[in-house]
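Notes to accompany the following structure.
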Amino acid sequence: MKKKEENEKLKKRKTFALRLTKFELLHLRDLFSVVLGPEAQRTVSQALAEAESRPLVETLLWKKLSDLINEAGIPTGDDAPDFVVASTTTPTLGVFQLATDPSPSQDDSKDNLLEDE
């Protein structure tokens with residue numbers, strides 16, 4: 001319910017002007033083009049928008065940025081560099097317990113372990 005209220009507040013907001021340099025636009029172009037590997041089916045921006053139920057916002061924002069980028073004469077599409085998120089080495093993995101309230105049986109088992117030692 002809280003997310004719905006936040007979305008309604010965002011819809012009611014006015015737009016804000018943002019003045020960007022050519023290098024800032026270049027950085028945003030590159031940031032929006034980072035592809036998730038290994039399938040390279042979507043960008044990080046698209047994945048975030050999908051996870052947060054904001055694909056339309058992401059599409060419209062990219063359209064606005066793209067228009068500004070083209071106006072500034074910055075290359076896009078095939079003329080722009082591609083970036084991908086990929087592992088450069090074998091990742092180190094670990095198993096961690098998420099923070100939760102222990103149940104009474106979990107507390108008892110810890111106590112029993114200590115008593116046995």
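Here, A, B, ... name the chains of the structure tokens in the order displayed, residue numbers run from 1 inside each chain, and ligands are numbered from 1 in the same displayed order.
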
Excluding same-chain residues fewer than 6 positions from segment 82-95 of chain A, what lies within 9 Å of it counting only C-alpha atoms, as a ChimeraX atom specification? /A:30-31,33-38,40,43-44

Let me see the file: selected residues, C-alpha atoms, as a tab-separated table (two decimals), in the first residue's frame.
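Result written to selection.tsv:
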```
chain	number	residue	atom	x	y	z
A	30	ASP	CA	26.86	4.83	-21.01
A	31	LEU	CA	25.10	4.09	-17.74
A	33	SER	CA	23.48	1.08	-21.96
A	34	VAL	CA	25.07	-1.33	-19.45
A	35	VAL	CA	23.77	-4.77	-20.44
A	36	LEU	CA	23.34	-7.67	-18.05
A	37	GLY	CA	25.32	-10.68	-19.23
A	38	PRO	CA	25.63	-13.39	-20.30
A	40	ALA	CA	22.58	-9.55	-22.92
A	43	THR	CA	20.09	-3.35	-19.59
A	44	VAL	CA	20.61	-2.79	-15.87
```

Residues of segment 58-104 of chain A classed as alpha helix (DSSP H) by DSSP on the backbone are to be reported as JSON, numbers by chain. {"A": [58, 59, 60, 61, 62, 63, 64, 65, 66, 67, 68, 69, 70, 71, 104]}

Env of segment 64-66 of chain A: 9 Å cut, atoms = only C-alpha atoms, seq-sep filter 5 positions within chain, self excluded. Answer as a list of chain:residue names. A:Leu25, A:Leu28, A:Arg29, A:Thr59, A:Glu71, A:Thr76

Those residues you just picked out, can you put them in a file as a PDB file, in the first residue's frame with C-alpha atoms?
```pdb
ATOM      1  CA  LEU A  25      25.046  13.232 -20.816  1.00  0.00           C
ATOM      2  CA  LEU A  28      24.223   8.818 -18.572  1.00  0.00           C
ATOM      3  CA  ARG A  29      24.223   7.347 -22.087  1.00  0.00           C
ATOM      4  CA  THR A  59      11.362   4.142 -21.329  1.00  0.00           C
ATOM      5  CA  GLU A  71      20.877  17.326 -29.605  1.00  0.00           C
ATOM      6  CA  THR A  76      24.190   6.630 -29.803  1.00  0.00           C
TER       7      THR A  76
END
```

Proximity to Phe23 of chain A - best of A:Phe96, A:Ile74, A:Leu61, A:Asp79, only C-alpha atoms: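 Selected residue with least distance to Phe23 of chain A: A:Ile74.
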
One residue among A:Leu56, A:Leu98, A:Leu26, A:Ala47 is nearest to Asn70 of chain A when using only C-alpha atoms, and that residue is A:Leu26

For each of A:Ala99, A:Leu20, A:Leu60, A:Ala49, take the minimum atom-to-atom distance to Ala72 of chain A, counting only C-alpha atoms, then give the residue where this is smallest.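 When distances to Ala72 of chain A are compared using only C-alpha atoms, the smallest one comes from A:Leu20.
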
One-decimal distance in Å that lies between atom CA of Lys22 of chain A and atom CA of Gly73 of chain A: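 It comes out at 8.9 Å.
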
Would you mind listing what lies within 12 Å of Glu52 of chain A as a list in words, with only C-alpha atoms counted and same-chain residues fewer than 5 positions away left out?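 Listed by chain and then number, they are Lys3, Lys4, Asn7, Ser45, Gln46, Ala47, Val57 and Glu58 of chain A.
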
Dump as a CSV table (one decimal), in the first residue's frame, selection limited to C-alpha atoms:
```
chain,number,residue,atom,x,y,z
A,3,LYS,CA,4.3,1.9,-2.7
A,4,LYS,CA,0.9,2.8,-4.2
A,7,ASN,CA,3.4,6.3,-7.0
A,45,SER,CA,18.2,0.2,-16.2
A,46,GLN,CA,15.5,-2.0,-17.7
A,47,ALA,CA,16.0,-4.7,-15.1
A,57,VAL,CA,9.2,5.6,-16.5
A,58,GLU,CA,12.4,4.0,-17.7
```
